[in-house]
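Q: Let me give you the structure first, and then I'll get to my questions.
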Amino acid sequence: MGKTTLLHLLGGLIKPKTGEIIIDGQDITSLSSKNIDQYRGQNIGIVFQKPHFIASINILSNLLLTQKLAGRKQDKNEILAILENLEIKHRAYAKPNTLSQGELQRASVARAVLNKPKVILADEPTSALDDQSCEQVIQLLQKTAVDLDAALLIVTHDGRLKDIVNHQILLG
Amino acid sequence: MNNLMLTWKNLLHRPLNLLLNVLLFALGVGLISLLIQVNTQLKEQFDRNQAEIDMVIGAKGSPLQMILCNMYHIDNPTGNIGVGEAKPFLNPKHPYLKTNIPLSLGDSYSQFRIVGTLPGILDLYAASIETGEMWKDAFDVVIGKAVAETAGLKVGSEFDSSHGFNDDDGMTHEHDTKFKVVGILEATGSVIDQLILTSPNTIWEVHEHDHSAEKMDNILTAEQLMQYEDKEITSILVQFKSRKSIPALNMPRAINSNTDMMAASPVYEINRLYSMIGIGVETLRYLALILIIVSALSIFISLFNSLKERKYELAVMRVLGSGRTRLFSLILMEGLLIAIIGTILGLAIAHIGMYFVANGMEGSYKYSFSGLRFFKEEAYLALGALAIGILAAVIPAIKAAKTNIHETLNG
């Protein structure tokens, strides 16, 4: 119980009533609401259970916007390289509603890692995926986390992940 | 991907909503723009043609008709008055009158009116001869610029007049003597551009059907005119020496009650006309306002509804680092963008429409209108329209800014 709430706390989406959350030496609970939005954009990548994208613009534009909102330079080549890694480069110019669930989830992994965050939080990233996509997405998350030297935290009740992830905390 | 681009893509994502909102907005703005254009240009024309004329004297009938006929040349005469009776008001030595110009109407050439008058009419409309010279003999005419251009007349051209003001073949006068153009006036922008000027006796001679009358000298001064007491003219255009003097103020009433003639004040009659037209204009203005209010409501409703579909998008944008102010301005810009497109489209439609209407009006009112002129009021209209666009988006924008990430994504 409270898995998503915990994840939202860690991502700075809600503030705890008491206590503090420290990421890389920074107490995020002490940041103002404007600063926490900025901090999150730059340092925390989040993958949600359902991949939500802005429906009116294509995947590439969605990712360009991700860079902009984090206050970074918009770099099309960087995005295309990541999409190639995730094997969805051919979908870069497609609107979100034309992608399959698996493709969308990979795109949202791309979005989560795009700004080279210190922490990657994933909320039930695999629960809507078939076995093949599930494995692919998890491997991608792990590989990028290693590449970026970022902490990866996955919240899930998906039994398929039990044997893949080494540190596990069970919430009752 | 900048904010403006995103706003535009978001609008395009719902093309039918966009179309409806922009069209509604454009209709409201366009209707108001059209009203401004017609109203302003009509007023300008009336003002320019008023030529500071204080009083018109003519035959009894409708005073408004007399003003429209003799000053604006868009209605028929109320009748004629005898020179004998009008004599005191034709006298250039009249103690209270600064200017008194007689007019004799009744004939036309290719729908342009032929006016029997005295050379002083040029001063009244601040007109001067561009080519040629003033009329000296009977059947010499000086024509306005528009007449010269439209009817293709030059100095030296000759023509037959037709009876009445319509160009009717059956009504053409057959005369031994033809009218001869001796001068062309500079363009003034006033009604004199549309007139064919000649001496009063020319008009009389055209209508003398026994043709036996002995030839009279050409009339060029008021003193000469005053000798023909049994002849008739249509009206006298009068300027007072002092508008506020008691005798001047009492003169119209005195004429109306003591003579068989009628006197009317152009300012009074034209204001009466405005107030009559005004009801129609006012109704149209309310209609346009209702259109704009409905379109504001339509913008509000479609933005508000789109927020329901877009709540996840907005939450995700916040997750990605977008502050509340950005979400607020994003939605506000959607309202503003609709208003901008609607306003530009509305103004364009109204001016293109006016451009075509202007051609038609020039024919029937003998006045030139233009669709290419923009008025100060339209700038206010545009500013007001943009403000309404923003206003319609404020509540949806506040709602967007209040997006709660945790609740939305946890739902």
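Note on naming: chains are A, B, ... as they come in the structure tokens, residues start from 1 per chain, ligands start from 1 in the order shown.
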Counting only C-alpha atoms, which residues of chain A come no farther than 7 Å from chain B, as JSON, numbers by chain?

A: {"A": [8, 13, 14, 34, 37, 38, 40, 41, 52, 53, 54, 56, 57, 61, 64, 65, 66, 69, 70]}

Q: Go through region 170-250 of chain B and collect every residue that DSSP, computed from the backbone, puts in helix (DSSP H, G or I); the answer should be as a PyMOL selection string.

A: chain B and resi 170-171+191-194+200-207+222-226+246-250

Q: Quick one: DSSP strand (DSSP E or B) residues in region 18-83 of chain B, as a list of chain:residue names?

A: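 In region 18-83 of chain B, DSSP puts these residues in strand (DSSP E or B): B:Met55, B:Val56, B:Ile57, B:Gly58, B:Ala59, B:Ile81, B:Gly82.
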
Q: Taking N, CA, C and O atoms for each residue, export the selection above as an mmCIF file, in the first residue's frame.

A:
data_model
loop_
_atom_site.group_PDB
_atom_site.id
_atom_site.type_symbol
_atom_site.label_atom_id
_atom_site.label_comp_id
_atom_site.auth_asym_id
_atom_site.auth_seq_id
_atom_site.Cartn_x
_atom_site.Cartn_y
_atom_site.Cartn_z
ATOM 1 N N MET B 55 -28.704 77.201 -44.124
ATOM 2 C CA MET B 55 -30.139 77.133 -44.386
ATOM 3 C C MET B 55 -30.359 76.870 -45.870
ATOM 4 O O MET B 55 -29.597 77.352 -46.707
ATOM 5 N N VAL B 56 -31.372 76.087 -46.168
ATOM 6 C CA VAL B 56 -31.759 75.889 -47.562
ATOM 7 C C VAL B 56 -33.194 76.372 -47.706
ATOM 8 O O VAL B 56 -34.043 76.085 -46.870
ATOM 9 N N ILE B 57 -33.452 77.185 -48.752
ATOM 10 C CA ILE B 57 -34.813 77.661 -49.015
ATOM 11 C C ILE B 57 -35.298 77.001 -50.296
ATOM 12 O O ILE B 57 -34.584 76.971 -51.306
ATOM 13 N N GLY B 58 -36.519 76.427 -50.241
ATOM 14 C CA GLY B 58 -37.060 75.775 -51.430
ATOM 15 C C GLY B 58 -38.565 75.737 -51.346
ATOM 16 O O GLY B 58 -39.171 76.439 -50.524
ATOM 17 N N ALA B 59 -39.168 74.885 -52.183
ATOM 18 C CA ALA B 59 -40.626 74.792 -52.182
ATOM 19 C C ALA B 59 -41.078 73.970 -50.985
ATOM 20 O O ALA B 59 -40.343 73.119 -50.495
ATOM 21 N N ILE B 81 -39.589 77.359 -56.714
ATOM 22 C CA ILE B 81 -40.056 78.611 -56.115
ATOM 23 C C ILE B 81 -39.875 79.735 -57.141
ATOM 24 O O ILE B 81 -38.983 79.658 -57.997
ATOM 25 N N GLY B 82 -40.741 80.718 -57.052
ATOM 26 C CA GLY B 82 -40.646 81.829 -57.988
ATOM 27 C C GLY B 82 -39.496 82.754 -57.625
ATOM 28 O O GLY B 82 -39.240 83.013 -56.458
#

Q: Env of Ser133 (chain A): 12 Å cut, atoms = only C-alpha atoms, seq-sep filter 6 positions within chain, self excluded. Answer as a ChimeraX atom specification.

A: /A:86-87,100-106,125-127,139-140,160

Q: Can you work out which one of B:Gly189, B:Gly30, B:Gly278, B:Gly116 has the shortest atom-to-atom distance to Ala138 (chain B), counting only C-alpha atoms?

A: B:Gly116

Q: I need the residue nearest Asp137 (chain B) from this list: B:Ala248, B:Leu303, B:Leu347, B:Leu220. Use only C-alpha atoms for the distance.

A: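 Ranked by minimum distance to Asp137 (chain B), first place goes to B:Leu220.
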